[in-house]
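Visitor: Pasting run-v4.csv here (CSV, C-alpha atoms and all ligand atoms):
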```
chain,number,residue,atom,x,y,z
G,1,MET,CA,83.6,101.9,75.2
G,2,LEU,CA,85.5,104.8,76.8
G,3,THR,CA,89.2,105.5,76.3
G,4,THR,CA,91.5,106.0,79.3
G,5,ARG,CA,91.3,109.7,78.7
G,6,GLU,CA,87.5,109.8,78.6
G,7,LEU,CA,87.2,107.8,81.8
G,8,GLN,CA,89.7,110.1,83.5
G,9,ASP,CA,87.7,113.2,82.3
G,10,GLU,CA,84.5,111.7,83.8
G,11,ILE,CA,86.3,111.1,87.1
G,12,LEU,CA,87.6,114.7,87.2
G,13,ARG,CA,84.1,116.0,86.5
G,14,LEU,CA,82.5,113.9,89.2
G,15,LYS,CA,85.2,114.8,91.7
G,16,LYS,CA,84.5,118.5,91.2
G,17,GLU,CA,80.7,118.1,91.3
G,18,LYS,CA,80.7,116.0,94.5
G,19,ASN,CA,83.7,117.6,96.3
G,20,ILE,CA,85.7,114.4,96.3
G,21,CYS,CA,89.4,114.1,97.2
G,22,ILE,CA,91.3,111.3,95.6
G,23,LEU,CA,94.4,110.2,97.5
G,24,VAL,CA,96.8,107.9,95.6
G,25,HIS,CA,99.7,105.9,97.0
G,26,ALA,CA,102.8,106.0,94.8
G,27,TYR,CA,102.5,102.3,93.9
G,28,GLN,CA,99.3,102.9,92.0
G,29,SER,CA,99.3,102.9,88.2
G,30,HIS,CA,100.0,106.0,86.2
G,31,ASP,CA,96.4,106.4,84.9
G,32,ILE,CA,95.3,106.7,88.5
G,33,TRP,CA,98.1,109.1,89.4
G,34,GLU,CA,96.7,111.4,86.7
G,35,VAL,CA,93.3,111.9,88.4
G,36,ALA,CA,94.8,112.3,91.9
G,37,ASP,CA,94.6,115.3,94.2
G,38,TYR,CA,97.7,114.0,96.0
G,39,VAL,CA,100.2,111.2,95.3
G,40,GLY,CA,102.7,110.2,97.8
G,41,ASP,CA,104.1,107.8,100.4
G,42,SER,CA,102.3,106.6,103.5
G,43,TYR,CA,103.4,109.6,105.6
G,44,GLY,CA,102.4,112.2,103.0
G,45,LEU,CA,99.0,110.5,102.6
G,46,SER,CA,98.3,110.7,106.4
G,47,VAL,CA,99.2,114.4,106.4
G,48,GLU,CA,96.9,115.1,103.4
G,49,ALA,CA,94.1,113.1,105.0
G,50,ALA,CA,94.2,115.2,108.1
G,51,LYS,CA,93.9,118.5,106.1
G,52,THR,CA,91.5,117.9,103.3
G,53,ASP,CA,88.2,119.7,103.3
G,54,ALA,CA,86.5,117.4,100.8
G,55,ASP,CA,83.2,115.6,101.7
G,56,THR,CA,84.4,112.3,100.5
G,57,VAL,CA,87.9,110.8,100.3
G,58,ILE,CA,88.7,108.0,97.9
G,59,MET,CA,91.9,106.1,98.8
G,60,CYS,CA,93.6,104.3,96.0
G,61,GLY,CA,96.0,102.1,97.9
G,62,VAL,CA,95.5,99.4,100.5
G,63,ARG,CA,93.0,99.0,103.4
G,64,PHE,CA,95.2,100.3,106.3
G,65,MET,CA,95.7,103.5,104.4
G,66,ALA,CA,92.0,104.1,104.0
G,67,GLU,CA,91.6,103.3,107.8
G,68,THR,CA,94.2,105.9,108.6
G,69,VAL,CA,92.3,108.5,106.5
G,70,LYS,CA,89.1,107.6,108.4
G,71,MET,CA,90.8,108.0,111.8
G,72,LEU,CA,92.2,111.4,110.8
G,73,SER,CA,88.9,112.6,109.2
G,74,PRO,CA,86.1,110.7,111.0
G,75,GLU,CA,83.4,113.1,109.8
G,76,LYS,CA,84.2,112.3,106.2
G,77,LYS,CA,83.0,109.5,104.0
G,78,VAL,CA,86.1,107.4,103.2
G,79,LEU,CA,86.1,104.8,100.5
G,80,LEU,CA,88.8,102.2,99.7
G,81,ALA,CA,88.6,102.2,95.9
G,82,ASN,CA,89.1,98.4,95.6
G,83,PRO,CA,87.5,96.6,98.5
G,84,ILE,CA,89.9,93.6,98.5
G,85,ALA,CA,93.2,95.6,98.3
G,86,GLY,CA,94.9,94.7,101.6
G,87,CYS,CA,98.5,94.7,102.8
G,88,PRO,CA,99.6,91.2,103.8
G,89,MET,CA,102.2,92.7,106.3
G,90,ALA,CA,99.4,94.6,108.0
G,91,ASP,CA,97.6,91.3,108.7
G,92,GLN,CA,100.6,89.6,110.3
G,93,TYR,CA,99.7,90.7,113.9
G,94,SER,CA,96.3,91.4,115.3
G,95,GLY,CA,95.7,93.6,118.4
G,96,SER,CA,95.5,90.5,120.6
G,97,ASP,CA,98.7,89.1,119.1
G,98,LEU,CA,100.5,92.4,120.0
G,99,ARG,CA,98.9,92.4,123.4
G,100,GLU,CA,100.5,88.9,124.0
G,101,LEU,CA,103.8,90.0,122.5
G,102,LYS,CA,104.1,93.0,124.8
G,103,LYS,CA,104.1,90.6,127.8
G,104,ASP,CA,107.6,89.5,126.6
G,105,TYR,CA,108.8,93.1,126.5
G,106,PRO,CA,107.8,94.8,129.8
G,107,GLY,CA,108.6,98.5,129.8
G,108,TYR,CA,109.3,98.7,126.1
G,109,ALA,CA,107.5,101.4,124.0
G,110,VAL,CA,105.8,99.8,121.0
G,111,VAL,CA,106.6,101.4,117.6
G,112,ALA,CA,104.2,100.1,115.0
G,113,TYR,CA,104.7,100.6,111.3
G,114,ILE,CA,101.7,102.3,109.8
G,115,ASN,CA,101.2,99.1,107.8
G,116,THR,CA,99.1,97.6,110.6
G,117,THR,CA,95.4,97.2,111.1
G,118,SER,CA,93.5,99.8,113.3
G,119,ASP,CA,92.9,97.0,115.8
G,120,THR,CA,96.7,96.5,116.1
G,121,LYS,CA,97.3,100.2,116.4
G,122,THR,CA,95.2,100.3,119.6
G,123,GLU,CA,98.1,98.5,121.3
G,124,ALA,CA,100.9,100.7,120.0
G,125,ASP,CA,102.5,103.8,121.5
G,126,VAL,CA,103.5,105.4,118.2
G,127,CYS,CA,103.2,104.7,114.5
G,128,VAL,CA,105.9,105.3,112.0
G,129,THR,CA,106.2,105.2,108.2
G,130,SER,CA,109.3,104.5,106.2
G,131,SER,CA,110.0,108.2,105.7
G,132,SER,CA,109.4,109.2,109.3
G,133,ALA,CA,110.7,106.1,111.3
G,134,LEU,CA,114.2,107.3,112.0
G,135,LYS,CA,113.3,110.8,113.0
G,136,ILE,CA,110.5,109.5,115.3
G,137,VAL,CA,112.5,106.9,117.0
G,138,LYS,CA,115.3,109.4,117.6
G,139,ASN,CA,112.8,111.9,119.0
G,140,MET,CA,111.1,109.4,121.4
G,141,PRO,CA,112.1,109.8,125.0
G,142,GLU,CA,111.9,106.1,125.6
G,143,GLN,CA,115.1,104.0,125.4
G,144,ASP,CA,113.7,100.5,125.0
G,145,ILE,CA,111.7,100.0,121.8
G,146,LEU,CA,109.8,97.1,120.4
G,147,PHE,CA,109.6,97.7,116.6
G,148,MET,CA,106.9,95.8,114.7
G,149,PRO,CA,106.0,94.1,112.4
G,150,ASP,CA,108.8,94.8,109.8
G,151,PRO,CA,112.2,93.7,111.1
G,152,ASN,CA,114.0,95.0,108.0
G,153,LEU,CA,112.8,98.6,108.4
G,154,GLY,CA,113.5,98.1,112.1
G,155,ALA,CA,117.0,97.0,111.5
G,156,TRP,CA,117.6,99.9,109.2
G,157,VAL,CA,116.5,102.3,111.9
G,158,ARG,CA,118.5,100.5,114.6
G,159,ASP,CA,121.7,100.8,112.5
G,160,MET,CA,121.3,104.5,112.4
G,161,CYS,CA,120.1,104.9,116.0
G,162,PRO,CA,122.6,102.9,118.1
G,163,GLU,CA,121.7,104.9,121.2
G,164,LYS,CA,118.4,103.1,121.5
G,165,ASN,CA,117.7,99.5,122.4
G,166,ILE,CA,115.5,98.2,119.6
G,167,ALA,CA,113.9,94.8,119.7
G,168,LEU,CA,112.7,93.2,116.4
G,169,ILE,CA,110.2,90.5,115.7
G,170,LYS,CA,109.4,88.2,112.7
G,171,GLY,CA,107.4,89.7,109.9
G,172,GLY,CA,107.9,91.9,106.9
G,173,CYS,CA,106.6,92.8,103.4
G,174,PRO,CA,106.4,89.7,101.2
G,175,THR,CA,107.1,91.8,98.1
G,176,HIS,CA,110.3,93.4,99.3
G,177,LEU,CA,111.4,90.2,101.1
G,178,ARG,CA,111.6,88.4,97.7
G,179,VAL,CA,114.7,90.4,96.6
G,180,THR,CA,117.9,88.6,97.3
G,181,LYS,CA,121.5,89.8,97.9
G,182,LEU,CA,122.5,87.9,94.8
G,183,GLU,CA,119.9,89.8,92.7
G,184,ALA,CA,121.3,93.1,94.0
G,185,GLU,CA,124.9,92.1,93.2
G,186,LEU,CA,124.0,90.9,89.7
G,187,ALA,CA,122.0,94.1,88.9
G,188,LYS,CA,124.9,96.2,90.0
G,189,LYS,CA,127.3,94.1,87.9
G,190,GLU,CA,125.0,94.4,84.9
G,191,HIS,CA,124.6,98.2,85.3
G,192,PRO,CA,127.9,99.4,86.7
G,193,GLU,CA,127.1,103.1,86.2
G,194,ALA,CA,123.7,102.9,87.9
G,195,LEU,CA,122.9,103.9,91.5
G,196,LEU,CA,121.0,101.4,93.5
G,197,LEU,CA,118.0,102.9,95.4
G,198,VAL,CA,116.0,100.7,97.7
G,199,HIS,CA,113.1,100.7,100.1
G,200,PRO,CA,114.1,99.8,103.7
G,201,GLU,CA,111.5,97.0,103.6
G,202,CYS,CA,114.2,95.1,101.7
G,203,ARG,CA,116.4,92.6,103.5
G,204,PRO,CA,119.4,94.3,105.4
G,205,GLU,CA,121.9,92.6,103.1
G,206,VAL,CA,120.2,94.2,100.1
G,207,THR,CA,119.9,97.6,101.7
G,208,ALA,CA,123.6,97.4,102.7
G,209,LEU,CA,124.5,97.4,99.0
G,210,ALA,CA,122.4,100.5,98.2
G,211,ASP,CA,123.5,104.0,97.4
G,212,TYR,CA,120.3,105.3,98.9
G,213,ALA,CA,117.5,103.8,101.1
G,214,GLY,CA,114.2,105.6,101.7
G,215,SER,CA,110.4,105.7,101.2
G,216,THR,CA,108.8,105.6,97.8
G,217,THR,CA,108.7,109.4,97.7
G,218,GLY,CA,112.3,109.5,99.0
G,219,ILE,CA,113.4,107.2,96.2
G,220,MET,CA,111.7,109.3,93.5
G,221,LYS,CA,113.0,112.6,94.9
G,222,TYR,CA,116.6,111.2,95.1
G,223,ALA,CA,116.4,110.0,91.4
G,224,LYS,CA,115.0,113.3,90.2
G,225,GLU,CA,117.6,115.4,92.0
G,226,SER,CA,120.6,113.2,91.3
G,227,ASP,CA,123.1,114.0,88.5
G,228,ALA,CA,123.4,110.3,87.8
G,229,LYS,CA,121.7,109.0,84.6
G,230,GLU,CA,121.0,105.4,85.5
G,231,PHE,CA,119.3,103.9,88.5
G,232,ILE,CA,118.3,100.4,89.7
G,233,ILE,CA,115.0,100.7,91.6
G,234,GLY,CA,114.6,98.4,94.6
G,235,THR,CA,111.0,98.9,95.3
G,236,GLU,CA,107.6,98.1,93.7
G,237,TYR,CA,107.9,98.1,89.9
G,238,SER,CA,105.4,101.0,89.5
G,239,ILE,CA,108.1,103.4,90.7
G,240,VAL,CA,110.3,102.4,87.7
G,241,GLN,CA,107.3,103.3,85.4
G,242,HIS,CA,106.5,106.6,87.1
G,243,LEU,CA,110.2,107.7,87.1
G,244,GLN,CA,110.3,107.3,83.3
G,245,PHE,CA,107.6,110.0,83.0
G,246,GLU,CA,109.3,112.3,85.6
G,247,CYS,CA,112.8,111.9,84.1
G,248,PRO,CA,112.6,110.8,80.5
G,249,ASP,CA,116.3,111.5,80.0
G,250,LYS,CA,117.3,109.0,82.7
G,251,THR,CA,117.2,105.2,82.6
G,252,PHE,CA,115.6,103.1,85.3
G,253,TYR,CA,116.0,99.3,85.8
G,254,ALA,CA,113.9,97.1,88.1
G,255,LEU,CA,116.1,95.4,90.8
G,256,SER,CA,114.0,92.3,90.4
G,257,SER,CA,111.1,91.1,88.1
G,258,ASP,CA,109.4,89.9,91.3
G,259,LEU,CA,109.0,93.3,92.9
G,260,ILE,CA,105.3,93.5,92.2
G,261,CYS,CA,102.8,94.0,95.0
G,262,GLN,CA,99.6,92.2,93.8
G,263,ASN,CA,97.5,94.2,96.3
G,264,MET,CA,98.7,97.5,95.2
G,265,LYS,CA,97.9,96.4,91.6
G,266,MET,CA,94.3,95.5,92.5
G,267,THR,CA,92.9,99.1,92.0
G,268,THR,CA,91.8,100.0,88.5
G,269,LEU,CA,90.6,103.3,87.0
G,270,GLY,CA,87.2,101.7,86.8
G,271,ASP,CA,87.2,101.2,90.6
G,272,VAL,CA,88.0,104.9,91.0
G,273,TYR,CA,85.2,105.8,88.6
G,274,ARG,CA,82.6,103.6,90.4
G,275,SER,CA,83.7,105.0,93.7
G,276,CYS,CA,83.1,108.5,92.4
G,277,LEU,CA,79.7,107.5,91.1
G,278,GLY,CA,78.7,106.0,94.5
G,279,THR,CA,78.3,102.4,93.1
G,280,GLY,CA,81.7,101.0,94.0
G,281,GLY,CA,84.5,101.1,96.6
G,282,ASP,CA,84.1,100.0,100.2
G,283,GLU,CA,83.1,102.6,102.8
G,284,ILE,CA,85.3,102.5,105.9
G,285,LEU,CA,83.2,102.3,109.0
G,286,MET,CA,84.8,102.3,112.4
G,287,SER,CA,83.3,102.8,115.9
G,288,ASP,CA,84.1,106.0,117.8
G,289,GLU,CA,85.9,103.9,120.4
G,290,LEU,CA,88.1,102.2,117.9
G,291,ILE,CA,88.9,105.5,116.2
G,292,ALA,CA,89.8,107.1,119.5
G,293,ALA,CA,92.1,104.3,120.5
G,294,ALA,CA,93.8,103.6,117.2
G,295,ARG,CA,94.3,107.3,116.4
G,296,LYS,CA,96.5,107.9,119.5
G,297,PRO,CA,99.7,106.4,118.0
G,298,ILE,CA,99.0,108.2,114.6
G,299,ASP,CA,98.6,111.6,116.4
G,300,ARG,CA,101.9,110.9,118.2
G,301,MET,CA,103.5,110.0,114.8
G,302,ILE,CA,102.5,113.4,113.4
G,303,GLU,CA,103.6,115.2,116.5
G,304,LEU,CA,107.0,113.6,116.6
G,305,GLY,CA,107.4,113.5,112.9
G,306,GLY,CA,106.9,117.2,112.4
G,401,LIG,P1,105.9,104.1,101.8
G,401,LIG,O1,104.9,104.6,101.0
G,401,LIG,O2,105.8,104.7,103.2
G,401,LIG,O3,107.3,104.2,101.3
G,401,LIG,O4,105.7,102.6,102.1
G,401,LIG,C1,105.7,101.6,101.1
G,401,LIG,C2,104.7,100.6,101.2
G,401,LIG,O5,105.0,99.4,101.2
G,401,LIG,C3,103.3,100.9,101.4
G,401,LIG,O6,102.6,99.8,101.5
G,402,LIG,FE1,102.1,95.7,102.0
G,402,LIG,FE2,104.5,95.3,100.9
G,402,LIG,FE3,102.4,95.6,99.3
G,402,LIG,FE4,103.4,97.7,100.7
G,402,LIG,S1,104.4,96.6,99.1
G,402,LIG,S2,101.2,97.1,100.5
G,402,LIG,S3,104.0,96.6,102.6
G,402,LIG,S4,102.7,93.9,100.8
```
In structure tokens, how does this file's structure come out?
Ligand code: 13P
Ligand code: SF4
Guide:
Amino acid sequence: MLTTRELQDEILRLKKEKNICILVHAYQSHDIWEVADYVGDSYGLSVEAAKTDADTVIMCGVRFMAETVKMLSPEKKVLLANPIAGCPMADQYSGSDLRELKKDYPGYAVVAYINTTSDTKTEADVCVTSSSALKIVKNMPEQDILFMPDPNLGAWVRDMCPEKNIALIKGGCPTHLRVTKLEAELAKKEHPEALLLVHPECRPEVTALADYAGSTTGIMKYAKESDAKEFIIGTEYSIVQHLQFECPDKTFYALSSDLICQNMKMTTLGDVYRSCLGTGGDEILMSDELIAAARKPIDRMIELGG
């Protein structure tokens, strides 16, 4: 039997020996954070994926993130550490669903959240992440925008970008959608000194009660830099845990006990170890045609997002 520390040391040794880069989404567990080359939100992961010079990239997160890495670094071997970790929101609309939907919005530019499959991205004009959505939509020359698939993130952008005509559709993150306005009101009542920090995937009536709304990285940065001592965290529960390590003198409360993404919780340190060994993970394989078509909105995201 190995301890967590011993398993981590083996991963670090293999990573160096085989020139592997481990990219970790902020919702992963802390034992995985500790072996990462980079930890961050979806936007930061895309930027890192484009610039790594490793031979192999292991993505600890969900499938659309590993696909994004492959599109940005097609010459590299890209592994999703846990083969069944997917994002239910990304599976809400296929490429053909979006093709049909576009018929109802002639002349609209399609803004697709990065939480979409590569097939869906082939029908989009630009991708956005939670941290880049507002800036990108503001920078787009187009006036009429179809924002998909998350209407909550879309409504948050629309509120701050009234100069654009933004159409929204049904969809969203099943994890963040579970949080209710009542839970937010009760949490604020229970912790009157705490600031409420939420992810814009939450319902608009929850985000409206927040002191800050932003991406996973944005929430962590805000909590670290704030003079406040208590925070209610309205995103995946892992962020509550990580913030305790980053700011041991501050107190963090979960907005809801339901804020757990089962898919983000799939990946274990053992998955990372086996991916490094070459006996685990799922290699992302995509045709050149698919990469060329699905990469266009991602390149535009990086171009408009700066
Ligand atoms: P960000 O990492 O961009 O904040 O997105 C959160 C998320 O739900 C990823 O699946
Ligand atoms: Fe998808 Fe929501 Fe989980 Fe993020 S938190 S991976 S959007 S289901």
Visitor: Got a sec to check which residues lie within 7 Å of ligand LIG 401 (chain G), using only C-alpha atoms and all ligand atoms, and send them as a PyMOL selection string?
Guide: chain G and resi 25-26+40-43+87+115+129-131+199+215-217
Visitor: Pick out the residues no farther than 8 Å from ligand LIG 402 (chain G), counting all atoms listed in the file, and list them as a list of chain:residue names.
Guide: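 Residues lying within 8 Å of ligand LIG 402 (chain G): G:Tyr27, G:Gly61, G:Val62, G:Gly86, G:Cys87, G:Pro88, G:Met89, G:Ala90, G:Asn115, G:Gly172, G:Cys173, G:Pro174, G:Thr175, G:His176, G:Glu201, G:Thr235, G:Glu236, G:Ile260, G:Cys261, G:Gln262, G:Asn263, G:Met264.
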Visitor: For a quick check of understanding, using all atoms listed in the file, which of G:Glu289, G:Glu230, G:Glu34, G:Asp258 has the smallest distance to Arg5 in chain G?
Guide: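 Looking only at the distances to Arg5 in chain G, the closest residue turns out to be G:Glu34.
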Visitor: Rounded to one decimal place, report the CA of Lys77 in chain G-CA of Asp37 in chain G distance in Å.
Guide: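 These atoms are spaced 16.3 Å apart.
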Visitor: Which is closer to Lys170 in chain G than all the others in G:Val57, G:Ala210, G:Leu255, G:Leu146, using only C-alpha atoms?
Guide: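 Under the stated criterion, the closest residue is G:Leu146.
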Visitor: Between G:Val272, G:Leu304, G:Leu290, G:Ile233, which one has atoms that come closest to Leu12 in chain G, using only C-alpha atoms?
Guide: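 Ranking G:Val272, G:Leu304, G:Leu290, G:Ile233 by distance to Leu12 in chain G, first place goes to G:Val272.
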Visitor: Kindly add N, CA, C and O atoms to the incomplete range 63-88 of chain G and provide the output as a compact mmCIF listing (two decimals), in the coordinates of the input.
Guide:
```txt
# COMPACT_ATOMS: atom_id res chain seq x y z
N ARG G 63 94.04 98.76 102.36
CA ARG G 63 93.00 99.00 103.40
C ARG G 63 93.58 99.85 104.59
O ARG G 63 92.92 100.76 105.05
N PHE G 64 94.80 99.53 105.09
CA PHE G 64 95.20 100.30 106.30
C PHE G 64 95.35 101.77 105.98
O PHE G 64 95.18 102.61 106.86
N MET G 65 95.59 102.11 104.73
CA MET G 65 95.70 103.50 104.40
C MET G 65 94.35 104.21 104.43
O MET G 65 94.23 105.35 104.90
N ALA G 66 93.31 103.51 103.98
CA ALA G 66 92.00 104.10 104.00
C ALA G 66 91.52 104.18 105.50
O ALA G 66 90.86 105.15 105.89
N GLU G 67 91.90 103.20 106.33
CA GLU G 67 91.60 103.30 107.80
C GLU G 67 92.24 104.48 108.41
O GLU G 67 91.66 105.16 109.24
N THR G 68 93.48 104.74 108.01
CA THR G 68 94.20 105.90 108.60
C THR G 68 93.47 107.19 108.19
O THR G 68 93.32 108.09 109.03
N VAL G 69 93.01 107.28 106.95
CA VAL G 69 92.30 108.50 106.50
C VAL G 69 91.02 108.64 107.39
O VAL G 69 90.72 109.73 107.88
N LYS G 70 90.30 107.55 107.60
CA LYS G 70 89.10 107.60 108.40
C LYS G 70 89.35 108.09 109.82
O LYS G 70 88.61 108.90 110.39
N MET G 71 90.45 107.57 110.39
CA MET G 71 90.80 108.00 111.80
C MET G 71 91.12 109.45 111.85
O MET G 71 90.79 110.11 112.82
N LEU G 72 91.77 109.95 110.81
CA LEU G 72 92.20 111.40 110.80
C LEU G 72 91.06 112.29 110.41
O LEU G 72 91.09 113.48 110.73
N SER G 73 90.08 111.78 109.69
CA SER G 73 88.90 112.60 109.20
C SER G 73 87.65 111.82 109.47
O SER G 73 86.97 111.44 108.51
N PRO G 74 87.29 111.57 110.74
CA PRO G 74 86.10 110.70 111.00
C PRO G 74 84.81 111.20 110.51
O PRO G 74 83.89 110.42 110.27
N GLU G 75 84.70 112.51 110.30
CA GLU G 75 83.40 113.10 109.80
C GLU G 75 83.24 112.90 108.33
O GLU G 75 82.16 113.13 107.80
N LYS G 76 84.29 112.47 107.64
CA LYS G 76 84.20 112.30 106.20
C LYS G 76 83.80 110.92 105.76
O LYS G 76 84.03 109.97 106.50
N LYS G 77 83.23 110.86 104.56
CA LYS G 77 83.00 109.50 104.00
C LYS G 77 84.26 109.08 103.34
O LYS G 77 84.83 109.80 102.50
N VAL G 78 84.78 107.93 103.76
CA VAL G 78 86.10 107.40 103.20
C VAL G 78 85.82 106.11 102.50
O VAL G 78 85.23 105.19 103.07
N LEU G 79 86.26 106.04 101.26
CA LEU G 79 86.10 104.80 100.50
C LEU G 79 87.45 104.25 100.09
O LEU G 79 88.34 105.00 99.69
N LEU G 80 87.59 102.93 100.24
CA LEU G 80 88.80 102.20 99.70
C LEU G 80 88.32 101.85 98.27
O LEU G 80 87.33 101.13 98.09
N ALA G 81 89.04 102.36 97.25
CA ALA G 81 88.60 102.20 95.90
C ALA G 81 88.36 100.74 95.48
O ALA G 81 87.38 100.40 94.82
N ASN G 82 89.29 99.87 95.88
CA ASN G 82 89.10 98.40 95.60
C ASN G 82 88.95 97.71 96.95
O ASN G 82 89.90 97.65 97.73
N PRO G 83 87.76 97.15 97.22
CA PRO G 83 87.50 96.60 98.50
C PRO G 83 88.42 95.46 98.98
O PRO G 83 88.59 95.25 100.18
N ILE G 84 89.06 94.75 98.06
CA ILE G 84 89.90 93.60 98.50
C ILE G 84 91.39 93.93 98.50
O ILE G 84 92.21 93.04 98.70
N ALA G 85 91.74 95.20 98.29
CA ALA G 85 93.20 95.60 98.30
C ALA G 85 93.62 95.69 99.76
O ALA G 85 93.28 96.65 100.45
N GLY G 86 94.38 94.71 100.23
CA GLY G 86 94.90 94.70 101.60
C GLY G 86 96.40 94.66 101.60
O GLY G 86 97.01 94.45 100.55
N CYS G 87 97.00 94.83 102.76
CA CYS G 87 98.50 94.70 102.80
C CYS G 87 98.74 93.44 103.68
O CYS G 87 98.41 93.40 104.86
N PRO G 88 99.36 92.40 103.07
CA PRO G 88 99.60 91.20 103.80
C PRO G 88 100.46 91.43 105.09
O PRO G 88 100.27 90.75 106.10
```
